[in-house]
Each structure stands twice: as structure tokens, then as C-alpha cells.
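Student: The structure that follows is given in the form of C-alpha cells.
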Amino acid sequence: MAQWKQIAAAQAVLARETGAVRKDHGGKLRIALAYPNRYSVGMSSLALQILYRMWNARPDVVCERVFWDEQALAEGLPLISLESGLPVNEFDVWAFTVSFEMDYFHVAAMLRHAGVFTGVRADAAGPVFTDEGDRPLLIAGGPALSMNPEPLAPFFDAVLIGEAEEALPRLTDLLVEHAGAEREAQLAALAGLPGVYLPAIMGPGARVERLWVRDTAQLQPVSCLYTPDSEFPNRHLIEIARGCGRGCRFCLAGYVYRPPREQPLARILEWAREGLTRQLPIFAHGGPAGVQPPGIGLVSAAVSDHSQIDELAVALQEMGARISVSSMRTDPISAPLVRALAASGAQTLTIAPEAGTERLRRVIGKTQCEDDLLAAVALAQELNFPQLKMYFMVGHPTETDEDIQGIVELTHAARKVFRRNVTINATPFVPKAHTPFQLMAMTPAKVVAARQRTLKKALAPHGVAVDADSPEWAEIQGVLARGDRRLARVLWETPRVTVRDFRSALAAHGLAAAEFLGPRAADAPQPWDVVESGVTPSFYRYEARLAAQERPGHRCPPGCGAADSGVDCLMCGVCRAVFPEPAR
């Protein structure tokens, strides 16, 4: 009866969706596409939708979704796919897309829940299987694993490093061809495929090249699924650019998707028109209450950096589109874009100074001056946005009490200009692999917590709310971001996810968080060395030296990464595959 209710709940979710694909399984490669978080979070992932579309476009593949389901886990119910309600163990392939380190706990929980493993080997070389011959092939990818796959590597047969579109056609051909074969034959077929890491058979010193799509014309990074139950409800998401050329030294996205590539204006508008032809149901009081076209959600590491963002915003307004954006920069602000957001009924204008002083912004590579920031605030006031939100990080390298006071003073300056609701977010800084700050120590949680308290105490009397993420959880994220295979057993043995239980599991295996959070020696091997990101080690060192000198660093020039652009920048090393250095 409980499982029947579980399937009925899945059918109710599908009834509120538009775009789900249901296929007969006969004669097809069956792929369970997993997002290790709640349905509402996973359905906000454009990566999930891209994979879903690409796989289901093939007549020889059926792809169905699986999400982390805390209630099913607690009740001991099987982990099932959304579309057919089949247990995941009945699929040929179980593919995870993993965006965030904190979802590693959910990956382990889903694998435990499905009964695929009984544990992780003592040498962390791989898992202990319940029945090696009768389980799906386990594959993972996503930005977190593309820069450091090691903490989860023992759980997977294969990890895709980089952008999936570059490898998926050939990878899927091989999976179809070897479906039902012995595990060794399947892995042998995948061996040598560019961008594919095979943790169990690739030994120490292995190197895997991060894949990135050079021809953006082959991309179709737009929504194919719509639901009111997403964090971006009923939005037609369009990735207008991939990567970011700004070079912020703390930003994983700026390196995992390097070099920056943008979609042409005409193609974006074509995708928007196609999205606006859809009529999605509006649900009220438990049932449909009419239809309307989706909103248009523009997605990029920095939406306002698109070279034709002003023209795009104006054109979308003329179409009558309701617009939202994933991010925006203020140097300078795109006034047409902000006006389009206001006209679309956006309630909050969000900007991200990241640091409170220009000195520290130079250190982290976020070269926005106070005049730029306050100009954006003034525009938000002029356009009557109900709320202004500013994102800061606390605990940046070289940060001092004066930098924290800078956040207070910048917020006060914004409060004088913007006379409605102002909030700030004070997120702990976490150093990430394959960024210029990858070897830096993480600021201790006690120091970060004290600085967050300083902000709250200084700003609360002025009516400014401070959202402060937990420094203790940030430390756990820091451990996972720069960790190694030993953490797989720790993740497996932390079924109750609390800070105390994680630290206890570390201690049980002779580990401590400080080992992963402290400074790293420049000449020492690192767990993430398995990934060849394309950026040269000398470039990371160069950027770290500039940061120590409080100097801004290198930016990718417009057109970088496009073979027909005439731009042949070889500064960081990524584009050498496009523009090889001349023979000496």
C-alpha cells in the first residue's frame, strides 16, 4: 500500500508538468537520470533538462528521472523513477548530475537506499557490492565532480569530466552497443574515451582532459520541462552564455566552464519565441485554472556580460515576455535589462559586491567600484523595486576587520539611496579546486561566525536583514571540495547528516577537517590533479601572486574560445586546443 501511494504521488507530480517523456522500455537502453536533491531543486537545473532532452531524443534510449526522496528513504520505500515508477536497479545505467558538494551526502544516501552497495572498501579503491553482476552501470558528472571527482570516485564506474554535450553522443553509442555485457567489457569500451574517468581501472597519475564545447551551434541549452513546483516555476530557461571571462579568483564557474562562449542574439530570440508559444497550465486550489506562456529565464554566470544584453532585453520586452535572470553585474549595469526586470514584476534586484572594500575586491578579482554598485542601487530605487539584495562573502583571503566594516559602510550607503527593504547575504568563502585560491587556507569557522555577528549587530538597528550561512557547514563543504577518496567511506558512514556526525565519521577513519582546510604546498600533489582543466599551473600561480599584490588579473578577451573570432589568447592555456602555439 505504501509503494502504491508512492507511485500515486509521482503521477500527481507528472500531472502538473509539461514536457515529460514516456516511452516503452522494450529494446532500449534504460537510463535513470538522478539529481541528488529534492524535485523542486533538481527541476531548476538546466543541466538535468539538457541531458533529459538529449537522451530521450534517441529512439534507442529511454531516460527517466530520479530525485533524492527523504520521505521514501525514511519509510524504507524503494527508490523509483518518476515516469514509470520502476526501481532504479531495473535500469541499465544510473547517471547522476552533481552540481554542489553538499549533495554528496544525498548521492551516498540514494546508493544506500537502492541497495547497490553494502559499503566502501577499506582502501577506498571502490565499493563493496551486493551483487556485482546485477546492478546498473554507475556514471556521474557535473561541475563539482568535473573539478575534483575524488571524494565520490569510489562510488562510480565512470565520471564524465567537463561539459556533457561534447561526449554524450559517442558515450551513449558505446553504452547502447555494450548494454547487457559484462562489467569489464563495458568499462573497456569506455576506456580511452575523451573526458571519461574510470576510477577503478585508471591508476595513480592518471590525467583526464576536461571537455568543453567549441561549437556553440551544437548546443540547445533551453528548457524542455515545465512545472509550477520548481524553484523557477514555469520558466523557459535559456543559457545565453557559458563560462565567464571576468577571472574572479574565488569562482568555480569561471574555471569549470572556461573559456566564455555566448549564444548569438538571433538564436536566443528564436528560443524565446518557441518558449512563448507554449501555454502552461496555471494551478489554483488544487486544479488547473487557465493557461499562460512561461516566463523567460536568462541563465549565465553573468547574464549582463552578454555583448548584446541591452538589445536582448529590449527585444524580449517587445515580445511581452516576463523576464528573470540568474545573475547580474554592475560594472556597468545594463539599464535596459533592469527596466525589463521591473516591467516583468520582479520583486528583488540582486547585486553581488562580494567584498566590502575595493582593496579586497581587487584581491578576489571582482573589480566593481563603489560608484558602479551605487548606480545600480539608484536604478533599483528609480524603478520602484520592493527589495534590494546584496551578496557578500566573508572569510576571503587577506580579509580584515576593516573589510567587514567596509560591508557595513557600503550597505549604509546603499540604504541611503534605496529607501525600501534591503537585505544582505554573508556567505562563508570556500576555496575550490582549479581556481587561483585552490591552495589557500579556509578562514576558521569561529572567525567567520564572529564577523557575521558583527554585521548583524551593525546593520540590524538600520532595518537591514543579514542572511548568514552556517560557517560550520561551509567547513564541511570545504572538506568535500578539496578532499580525496578517503572521504567516500566517511560519506557512506554519515547516514544522519549533521556537523557532529560528519566530524565523528572523519575521526573514526583517522581524519580531521583541518587536514583538508589548511594551506596546501604549491609543489605537493593534489587529489584533483587527475583533472586536466586546460588552465596551466603557472597561470594559477600567476593569479595567486597578483592577488597577494592586491592587483586585478587577466580577463578573457571577447570572442575567446571561438576559432572564427580571430582572437588567439593563450594566456591561461585553455584555448591552446583551438589556437595551437606555432612550432618552435
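Naming works like this for the C-alpha cells: A, B, ... for the chains as they're shown, residue 1 at the start of each chain, ligands 1 onward in shown order.
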Hey, what's within 8 Å of segment 420-435 of chain A if we count only C-alpha atoms and toss same-chain stuff fewer than 6 positions away? As a count of residues only, please?
Tutor: 42
Student: Enumerate as a ChimeraX atom specification all residues of segment 253-500 of chain A assigned to strand (DSSP E) by DSSP on the backbone, naming them with the chain letters and numbers the document uses.
Tutor: /A:261-262,280-284,287-292,295-299,323-325,348-354,387-394,421-428,465-467
Student: Counting only C-alpha atoms, which residue out of A:Gly76, A:Gly518, A:Pro552, A:Pro264 sits closest to Gln368 of chain A?
Tutor: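 Closest candidate: A:Pro552.
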Student: Between atom CA of Ser146 of chain A and atom CA of Val531 of chain A, what is the distance, to one decimal in Å?
Tutor: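 Distance between the two atoms: 7.4 Å.
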Student: To one decimal place in Å, what is the distance between atom CA of Leu237 of chain A and atom CA of Ala95 of chain A?
Tutor: 22.3 Å
Student: So how far away is atom CA of Arg258 of chain A from atom CA of Ser307 of chain A, in Å?
Tutor: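 Straight-line distance from atom CA of Ser307 of chain A to atom CA of Arg258 of chain A works out to 17.0 Å.
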Student: Using only C-alpha atoms, which of the listed residues (A:Asp123, A:Asp523, A:Asp60, A:Glu150) sits closest to Arg485 of chain A?
Tutor: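 Of the candidates, the smallest distance to Arg485 of chain A is held by A:Glu150.
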Student: For Ser334 of chain A, which of A:His306, A:Tyr542, A:His236, A:Leu480 is the closest residue, counting only C-alpha atoms?
Tutor: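 Comparing A:His306, A:Tyr542, A:His236, A:Leu480 against Ser334 of chain A, the winner is A:His306.
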Student: Name the closest residue to Arg135 of chain A among the candidates A:Pro557, A:Pro149, A:Pro87, A:Gly162; distances are taken between atoms, counting only C-alpha atoms.
Tutor: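 Using only C-alpha atoms, Arg135 of chain A sits closest to A:Pro87.
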Student: Taking into account only C-alpha atoms, which residue in the set A:Arg22, A:Arg453, A:His462, A:His178 is nearest to Ala413 of chain A?
Tutor: A:His462
Student: Name all residues at most 10 Å from Ala217 of chain A (count only C-alpha atoms; drop same-chain ones fewer than 2 positions away) and give them as a ChimeraX atom specification.
Tutor: /A:213-215,219-220,263-264,267
Student: I need the chosen residues saved as a tab-separated table (two decimals), in the first residue's frame, with all heavy atoms.
Tutor:
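To be explicit, this is the file written out as out-v1.tsv:
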```tsv
chain	number	residue	atom	x	y	z
A	213	VAL	N	32.64	22.48	-25.05
A	213	VAL	CA	32.07	22.54	-26.39
A	213	VAL	C	32.63	23.75	-27.13
A	213	VAL	O	32.43	24.89	-26.71
A	213	VAL	CB	30.53	22.62	-26.32
A	213	VAL	CG1	29.94	22.76	-27.72
A	213	VAL	CG2	29.97	21.40	-25.61
A	214	ARG	N	33.30	23.48	-28.24
A	214	ARG	CA	33.89	24.56	-29.02
A	214	ARG	C	32.90	25.19	-30.00
A	214	ARG	O	33.00	26.37	-30.32
A	214	ARG	CB	35.12	24.04	-29.77
A	214	ARG	CG	36.30	23.78	-28.82
A	214	ARG	CD	37.23	22.71	-29.35
A	214	ARG	NE	38.41	22.55	-28.51
A	214	ARG	CZ	38.42	21.89	-27.35
A	214	ARG	NH1	37.32	21.35	-26.89
A	214	ARG	NH2	39.52	21.79	-26.64
A	215	ASP	N	31.97	24.41	-30.49
A	215	ASP	CA	30.99	24.91	-31.46
A	215	ASP	C	29.65	25.10	-30.76
A	215	ASP	O	28.90	24.14	-30.57
A	215	ASP	CB	30.86	23.92	-32.62
A	215	ASP	CG	29.84	24.36	-33.66
A	215	ASP	OD1	29.42	25.53	-33.61
A	215	ASP	OD2	29.47	23.53	-34.51
A	219	LEU	N	24.83	23.34	-29.40
A	219	LEU	CA	24.16	23.38	-28.11
A	219	LEU	C	22.68	23.76	-28.26
A	219	LEU	O	22.32	24.55	-29.12
A	219	LEU	CB	24.83	24.40	-27.19
A	219	LEU	CG	26.29	24.15	-26.82
A	219	LEU	CD1	26.83	25.31	-25.97
A	219	LEU	CD2	26.44	22.84	-26.08
A	220	GLN	N	21.87	23.18	-27.40
A	220	GLN	CA	20.48	23.61	-27.28
A	220	GLN	C	20.16	23.71	-25.78
A	220	GLN	O	19.37	22.93	-25.24
A	220	GLN	CB	19.52	22.65	-27.98
A	220	GLN	CG	18.12	23.22	-28.13
A	220	GLN	CD	17.17	22.27	-28.83
A	220	GLN	OE1	17.52	21.14	-29.16
A	220	GLN	NE2	15.95	22.71	-29.06
A	263	GLN	N	25.84	32.76	-26.90
A	263	GLN	CA	24.95	32.45	-28.00
A	263	GLN	C	24.60	33.72	-28.77
A	263	GLN	O	24.45	34.79	-28.17
A	263	GLN	CB	23.66	31.81	-27.46
A	263	GLN	CG	23.85	30.45	-26.82
A	263	GLN	CD	24.17	29.36	-27.84
A	263	GLN	OE1	24.03	29.55	-29.05
A	263	GLN	NE2	24.62	28.21	-27.35
A	264	PRO	N	24.44	33.62	-30.10
A	264	PRO	CA	24.07	34.80	-30.88
A	264	PRO	C	22.69	35.30	-30.49
A	264	PRO	O	21.80	34.52	-30.10
A	264	PRO	CB	24.08	34.29	-32.33
A	264	PRO	CG	24.86	33.02	-32.30
A	264	PRO	CD	24.68	32.43	-30.93
A	267	ARG	N	19.68	33.58	-32.20
A	267	ARG	CA	19.35	32.24	-31.71
A	267	ARG	C	18.62	32.32	-30.37
A	267	ARG	O	17.65	31.58	-30.13
A	267	ARG	CB	20.62	31.41	-31.58
A	267	ARG	CG	20.37	29.93	-31.32
A	267	ARG	CD	21.67	29.15	-31.23
A	267	ARG	NE	22.43	29.28	-32.46
A	267	ARG	CZ	23.75	29.10	-32.53
A	267	ARG	NH1	24.44	28.83	-31.43
A	267	ARG	NH2	24.37	29.22	-33.67
```
Student: With distances taken over only C-alpha atoms, which residue among A:Val499, A:Leu491, A:Ile364, A:Ala507 lies nearest Ala153 of chain A?
Tutor: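 Among the listed residues, the smallest separation from Ala153 of chain A belongs to A:Leu491.
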Student: Quick one: DSSP helix (DSSP H, G or I) residues in segment 250-437 of chain A, as a CSV table (one decimal) with N, CA, C and O atoms, in the first residue's frame?
Tutor:
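What ended up in out.csv:
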```csv
chain,number,residue,atom,x,y,z
A,253,ALA,N,32.7,28.5,-11.2
A,253,ALA,CA,32.1,28.5,-12.5
A,253,ALA,C,32.9,29.2,-13.6
A,253,ALA,O,32.9,28.9,-14.8
A,254,GLY,N,33.7,30.2,-13.2
A,254,GLY,CA,34.6,30.9,-14.1
A,254,GLY,C,35.7,30.0,-14.7
A,254,GLY,O,36.3,30.4,-15.7
A,255,TYR,N,36.0,28.9,-14.0
A,255,TYR,CA,37.0,28.0,-14.5
A,255,TYR,C,36.5,26.7,-15.0
A,255,TYR,O,37.0,26.1,-16.0
A,256,VAL,N,35.4,26.1,-14.4
A,256,VAL,CA,34.9,24.9,-14.9
A,256,VAL,C,34.3,25.0,-16.3
A,256,VAL,O,34.2,24.0,-17.0
A,265,LEU,N,22.5,36.6,-30.6
A,265,LEU,CA,21.2,37.2,-30.3
A,265,LEU,C,20.1,36.6,-31.0
A,265,LEU,O,19.0,36.3,-30.4
A,266,ALA,N,20.2,36.3,-32.3
A,266,ALA,CA,19.1,35.8,-33.1
A,266,ALA,C,18.7,34.4,-32.6
A,266,ALA,O,17.5,34.1,-32.6
A,267,ARG,N,19.7,33.6,-32.2
A,267,ARG,CA,19.4,32.2,-31.7
A,267,ARG,C,18.6,32.3,-30.4
A,267,ARG,O,17.7,31.6,-30.1
A,268,ILE,N,19.1,33.2,-29.5
A,268,ILE,CA,18.4,33.4,-28.2
A,268,ILE,C,16.9,33.8,-28.4
A,268,ILE,O,16.0,33.3,-27.8
A,269,LEU,N,16.7,34.7,-29.3
A,269,LEU,CA,15.4,35.2,-29.6
A,269,LEU,C,14.5,34.1,-30.2
A,269,LEU,O,13.3,34.0,-29.9
A,270,GLU,N,15.1,33.3,-31.0
A,270,GLU,CA,14.3,32.2,-31.6
A,270,GLU,C,13.9,31.2,-30.5
A,270,GLU,O,12.8,30.7,-30.5
A,271,TRP,N,14.8,30.9,-29.6
A,271,TRP,CA,14.4,30.0,-28.5
A,271,TRP,C,13.4,30.7,-27.6
A,271,TRP,O,12.5,30.0,-27.1
A,272,ALA,N,13.5,32.0,-27.4
A,272,ALA,CA,12.4,32.7,-26.6
A,272,ALA,C,11.1,32.6,-27.3
A,272,ALA,O,10.1,32.3,-26.6
A,273,ARG,N,11.0,32.8,-28.6
A,273,ARG,CA,9.8,32.8,-29.3
A,273,ARG,C,9.2,31.4,-29.2
A,273,ARG,O,7.9,31.2,-29.0
A,274,GLU,N,10.0,30.4,-29.3
A,274,GLU,CA,9.5,29.0,-29.2
A,274,GLU,C,8.9,28.7,-27.9
A,274,GLU,O,7.8,28.1,-27.7
A,275,GLY,N,9.6,29.2,-26.8
A,275,GLY,CA,9.1,29.0,-25.5
A,275,GLY,C,7.8,29.7,-25.2
A,275,GLY,O,6.8,29.2,-24.6
A,276,LEU,N,7.6,30.9,-25.8
A,276,LEU,CA,6.4,31.7,-25.6
A,276,LEU,C,5.2,31.2,-26.3
A,276,LEU,O,4.1,31.6,-26.0
A,303,VAL,N,24.8,37.2,-16.7
A,303,VAL,CA,23.9,37.5,-17.8
A,303,VAL,C,24.2,38.8,-18.4
A,303,VAL,O,24.2,39.0,-19.6
A,304,SER,N,24.5,39.8,-17.6
A,304,SER,CA,24.6,41.2,-18.1
A,304,SER,C,25.9,41.3,-18.9
A,304,SER,O,26.2,42.4,-19.5
A,305,ASP,N,26.8,40.3,-18.9
A,305,ASP,CA,28.1,40.4,-19.7
A,305,ASP,C,27.8,40.0,-21.1
A,305,ASP,O,28.8,40.2,-21.9
A,309,ILE,N,23.3,42.3,-24.5
A,309,ILE,CA,22.3,42.2,-23.5
A,309,ILE,C,21.3,43.3,-23.6
A,309,ILE,O,20.1,43.0,-23.3
A,310,ASP,N,21.7,44.5,-23.9
A,310,ASP,CA,20.7,45.6,-24.0
A,310,ASP,C,19.7,45.3,-25.1
A,310,ASP,O,18.5,45.5,-24.9
A,311,GLU,N,20.2,44.9,-26.3
A,311,GLU,CA,19.3,44.6,-27.4
A,311,GLU,C,18.4,43.4,-27.0
A,311,GLU,O,17.2,43.4,-27.4
A,312,LEU,N,18.9,42.4,-26.3
A,312,LEU,CA,18.2,41.2,-26.0
A,312,LEU,C,17.0,41.6,-25.0
A,312,LEU,O,15.9,41.2,-25.2
A,313,ALA,N,17.3,42.4,-24.0
A,313,ALA,CA,16.3,42.9,-23.0
A,313,ALA,C,15.2,43.6,-23.7
A,313,ALA,O,14.0,43.4,-23.4
A,314,VAL,N,15.5,44.5,-24.6
A,314,VAL,CA,14.5,45.3,-25.3
A,314,VAL,C,13.6,44.4,-26.2
A,314,VAL,O,12.4,44.5,-26.2
A,315,ALA,N,14.3,43.5,-26.9
A,315,ALA,CA,13.5,42.6,-27.8
A,315,ALA,C,12.6,41.7,-27.0
A,315,ALA,O,11.4,41.5,-27.4
A,316,LEU,N,13.0,41.2,-25.9
A,316,LEU,CA,12.2,40.3,-25.0
A,316,LEU,C,11.0,41.1,-24.5
A,316,LEU,O,9.9,40.6,-24.4
A,317,GLN,N,11.2,42.4,-24.1
A,317,GLN,CA,10.1,43.2,-23.7
A,317,GLN,C,9.1,43.4,-24.8
A,317,GLN,O,7.9,43.4,-24.5
A,318,GLU,N,9.6,43.6,-26.0
A,318,GLU,CA,8.7,43.9,-27.1
A,318,GLU,C,7.9,42.6,-27.4
A,318,GLU,O,6.8,42.7,-27.9
A,319,MET,N,8.4,41.4,-27.1
A,319,MET,CA,7.6,40.2,-27.2
A,319,MET,C,6.6,40.0,-26.1
A,319,MET,O,5.7,39.1,-26.2
A,335,ALA,N,21.0,49.0,-17.9
A,335,ALA,CA,19.7,49.7,-17.6
A,335,ALA,C,18.6,49.1,-18.4
A,335,ALA,O,17.5,48.9,-17.7
A,336,PRO,N,18.7,48.8,-19.7
A,336,PRO,CA,17.5,48.1,-20.3
A,336,PRO,C,17.1,46.8,-19.7
A,336,PRO,O,15.9,46.5,-19.6
A,337,LEU,N,18.1,46.0,-19.2
A,337,LEU,CA,17.8,44.8,-18.6
A,337,LEU,C,17.1,45.0,-17.3
A,337,LEU,O,16.1,44.3,-16.9
A,338,VAL,N,17.6,45.9,-16.5
A,338,VAL,CA,16.9,46.2,-15.2
A,338,VAL,C,15.5,46.7,-15.4
A,338,VAL,O,14.6,46.4,-14.7
A,339,ARG,N,15.3,47.6,-16.4
A,339,ARG,CA,14.0,48.1,-16.7
A,339,ARG,C,13.1,46.9,-17.2
A,339,ARG,O,11.9,46.9,-16.8
A,340,ALA,N,13.6,46.0,-17.9
A,340,ALA,CA,12.8,44.8,-18.3
A,340,ALA,C,12.4,44.0,-17.1
A,340,ALA,O,11.3,43.4,-17.1
A,341,LEU,N,13.3,43.8,-16.2
A,341,LEU,CA,13.0,43.1,-15.0
A,341,LEU,C,11.9,43.7,-14.2
A,341,LEU,O,11.0,43.1,-13.7
A,342,ALA,N,12.0,45.1,-14.1
A,342,ALA,CA,11.0,45.8,-13.3
A,342,ALA,C,9.6,45.7,-14.0
A,342,ALA,O,8.6,45.4,-13.4
A,343,ALA,N,9.6,45.8,-15.4
A,343,ALA,CA,8.4,45.6,-16.1
A,343,ALA,C,7.8,44.2,-16.0
A,343,ALA,O,6.6,44.1,-16.2
A,358,GLU,N,37.2,48.1,-1.9
A,358,GLU,CA,37.8,48.0,-3.3
A,358,GLU,C,39.1,47.2,-3.2
A,358,GLU,O,39.5,46.5,-4.1
A,359,ARG,N,39.9,47.4,-2.1
A,359,ARG,CA,41.1,46.6,-1.9
A,359,ARG,C,40.8,45.1,-2.0
A,359,ARG,O,41.5,44.4,-2.8
A,360,LEU,N,39.9,44.7,-1.2
A,360,LEU,CA,39.6,43.2,-1.2
A,360,LEU,C,38.9,42.8,-2.5
A,360,LEU,O,39.2,41.6,-3.0
A,361,ARG,N,38.2,43.6,-3.2
A,361,ARG,CA,37.6,43.2,-4.5
A,361,ARG,C,38.7,43.1,-5.5
A,361,ARG,O,38.6,42.2,-6.4
A,362,ARG,N,39.8,43.9,-5.4
A,362,ARG,CA,40.9,43.6,-6.3
A,362,ARG,C,41.6,42.3,-6.0
A,362,ARG,O,42.0,41.6,-6.9
A,363,VAL,N,41.7,41.9,-4.7
A,363,VAL,CA,42.3,40.7,-4.3
A,363,VAL,C,41.6,39.5,-4.9
A,363,VAL,O,42.2,38.6,-5.5
A,364,ILE,N,40.2,39.5,-4.9
A,364,ILE,CA,39.4,38.4,-5.3
A,364,ILE,C,39.1,38.5,-6.8
A,364,ILE,O,38.5,37.6,-7.4
A,370,GLU,N,32.7,51.3,-6.0
A,370,GLU,CA,31.5,51.6,-5.3
A,370,GLU,C,30.6,52.5,-6.1
A,370,GLU,O,29.3,52.4,-6.0
A,371,ASP,N,31.1,53.3,-7.0
A,371,ASP,CA,30.2,54.1,-7.9
A,371,ASP,C,29.3,53.2,-8.7
A,371,ASP,O,28.1,53.5,-8.9
A,372,ASP,N,29.9,52.2,-9.3
A,372,ASP,CA,29.1,51.2,-10.1
A,372,ASP,C,28.0,50.6,-9.3
A,372,ASP,O,26.8,50.5,-9.7
A,373,LEU,N,28.4,50.2,-8.1
A,373,LEU,CA,27.4,49.5,-7.2
A,373,LEU,C,26.2,50.4,-6.8
A,373,LEU,O,25.1,50.1,-6.9
A,374,LEU,N,26.6,51.6,-6.5
A,374,LEU,CA,25.5,52.6,-6.0
A,374,LEU,C,24.7,53.1,-7.2
A,374,LEU,O,23.5,53.4,-7.1
A,375,ALA,N,25.3,53.1,-8.4
A,375,ALA,CA,24.5,53.4,-9.6
A,375,ALA,C,23.4,52.4,-9.8
A,375,ALA,O,22.3,52.7,-10.2
A,376,ALA,N,23.7,51.1,-9.6
A,376,ALA,CA,22.7,50.0,-9.7
A,376,ALA,C,21.7,50.2,-8.6
A,376,ALA,O,20.5,50.0,-8.9
A,377,VAL,N,22.1,50.5,-7.4
A,377,VAL,CA,21.1,50.7,-6.3
A,377,VAL,C,20.2,51.9,-6.7
A,377,VAL,O,19.0,51.8,-6.4
A,378,ALA,N,20.7,53.0,-7.2
A,378,ALA,CA,19.9,54.1,-7.6
A,378,ALA,C,18.9,53.8,-8.7
A,378,ALA,O,17.7,54.2,-8.6
A,379,LEU,N,19.3,52.9,-9.6
A,379,LEU,CA,18.3,52.5,-10.6
A,379,LEU,C,17.2,51.6,-10.0
A,379,LEU,O,16.0,51.7,-10.4
A,380,ALA,N,17.6,50.8,-9.0
A,380,ALA,CA,16.5,50.0,-8.4
A,380,ALA,C,15.5,50.9,-7.6
A,380,ALA,O,14.3,50.6,-7.6
A,381,GLN,N,16.0,52.0,-7.0
A,381,GLN,CA,15.1,52.9,-6.4
A,381,GLN,C,14.2,53.6,-7.4
A,381,GLN,O,13.0,53.8,-7.2
A,382,GLU,N,14.8,54.1,-8.5
A,382,GLU,CA,14.1,54.8,-9.5
A,382,GLU,C,13.0,53.9,-10.1
A,382,GLU,O,11.9,54.4,-10.4
A,401,ASP,N,39.3,43.1,9.6
A,401,ASP,CA,38.1,43.7,10.2
A,401,ASP,C,37.7,45.0,9.5
A,401,ASP,O,36.5,45.3,9.4
A,402,GLU,N,38.7,45.6,8.9
A,402,GLU,CA,38.4,46.8,8.1
A,402,GLU,C,37.5,46.5,6.8
A,402,GLU,O,36.6,47.2,6.4
A,403,ASP,N,37.8,45.3,6.3
A,403,ASP,CA,36.9,44.8,5.1
A,403,ASP,C,35.5,44.5,5.6
A,403,ASP,O,34.6,44.8,4.8
A,404,ILE,N,35.3,44.0,6.8
A,404,ILE,CA,34.0,43.8,7.3
A,404,ILE,C,33.3,45.1,7.5
A,404,ILE,O,32.1,45.3,7.2
A,405,GLN,N,34.0,46.0,8.1
A,405,GLN,CA,33.4,47.4,8.3
A,405,GLN,C,33.1,48.0,6.9
A,405,GLN,O,32.1,48.7,6.8
A,406,GLY,N,33.8,47.6,5.9
A,406,GLY,CA,33.5,48.1,4.5
A,406,GLY,C,32.2,47.6,4.1
A,406,GLY,O,31.4,48.3,3.4
A,407,ILE,N,31.8,46.4,4.4
A,407,ILE,CA,30.5,45.8,4.1
A,407,ILE,C,29.4,46.7,4.8
A,407,ILE,O,28.4,47.0,4.2
A,408,VAL,N,29.7,47.0,6.0
A,408,VAL,CA,28.7,47.8,6.8
A,408,VAL,C,28.5,49.2,6.1
A,408,VAL,O,27.4,49.7,5.9
A,409,GLU,N,29.6,49.8,5.8
A,409,GLU,CA,29.6,51.2,5.2
A,409,GLU,C,29.0,51.2,3.8
A,409,GLU,O,28.2,52.1,3.5
A,410,LEU,N,29.3,50.1,3.0
A,410,LEU,CA,28.7,50.1,1.7
A,410,LEU,C,27.2,49.8,1.8
A,410,LEU,O,26.4,50.4,1.0
A,411,THR,N,26.8,49.0,2.8
A,411,THR,CA,25.3,48.8,3.0
A,411,THR,C,24.6,50.0,3.4
A,411,THR,O,23.5,50.3,3.0
A,412,HIS,N,25.3,50.8,4.3
A,412,HIS,CA,24.7,52.0,4.8
A,412,HIS,C,24.5,53.0,3.6
A,412,HIS,O,23.5,53.7,3.4
A,413,ALA,N,25.5,53.0,2.7
A,413,ALA,CA,25.5,53.9,1.6
A,413,ALA,C,24.3,53.5,0.6
A,413,ALA,O,23.6,54.4,0.1
A,414,ALA,N,24.1,52.2,0.5
A,414,ALA,CA,23.0,51.7,-0.4
A,414,ALA,C,21.7,52.0,0.3
A,414,ALA,O,20.7,52.4,-0.4
A,415,ARG,N,21.7,51.9,1.6
A,415,ARG,CA,20.4,52.2,2.4
A,415,ARG,C,20.0,53.6,2.2
A,415,ARG,O,18.8,53.9,2.2
A,416,LYS,N,20.9,54.5,2.1
A,416,LYS,CA,20.6,55.9,1.9
A,416,LYS,C,20.0,56.2,0.6
A,416,LYS,O,19.1,57.1,0.4
A,417,VAL,N,20.4,55.4,-0.4
A,417,VAL,CA,19.9,55.6,-1.8
A,417,VAL,C,18.6,54.8,-2.0
A,417,VAL,O,17.6,55.3,-2.6
```
Student: Write out as an NGL selection string which residues come within 10 Å of segment 295-302 of chain A when counting only C-alpha atoms, dropping same-chain ones fewer than 5 positions away.
Tutor: :A and (46 or 221-223 or 232-246 or 251 or 253-254 or 257 or 260 or 262 or 268 or 271-273 or 275-276 or 313 or 316 or 320-329 or 344)
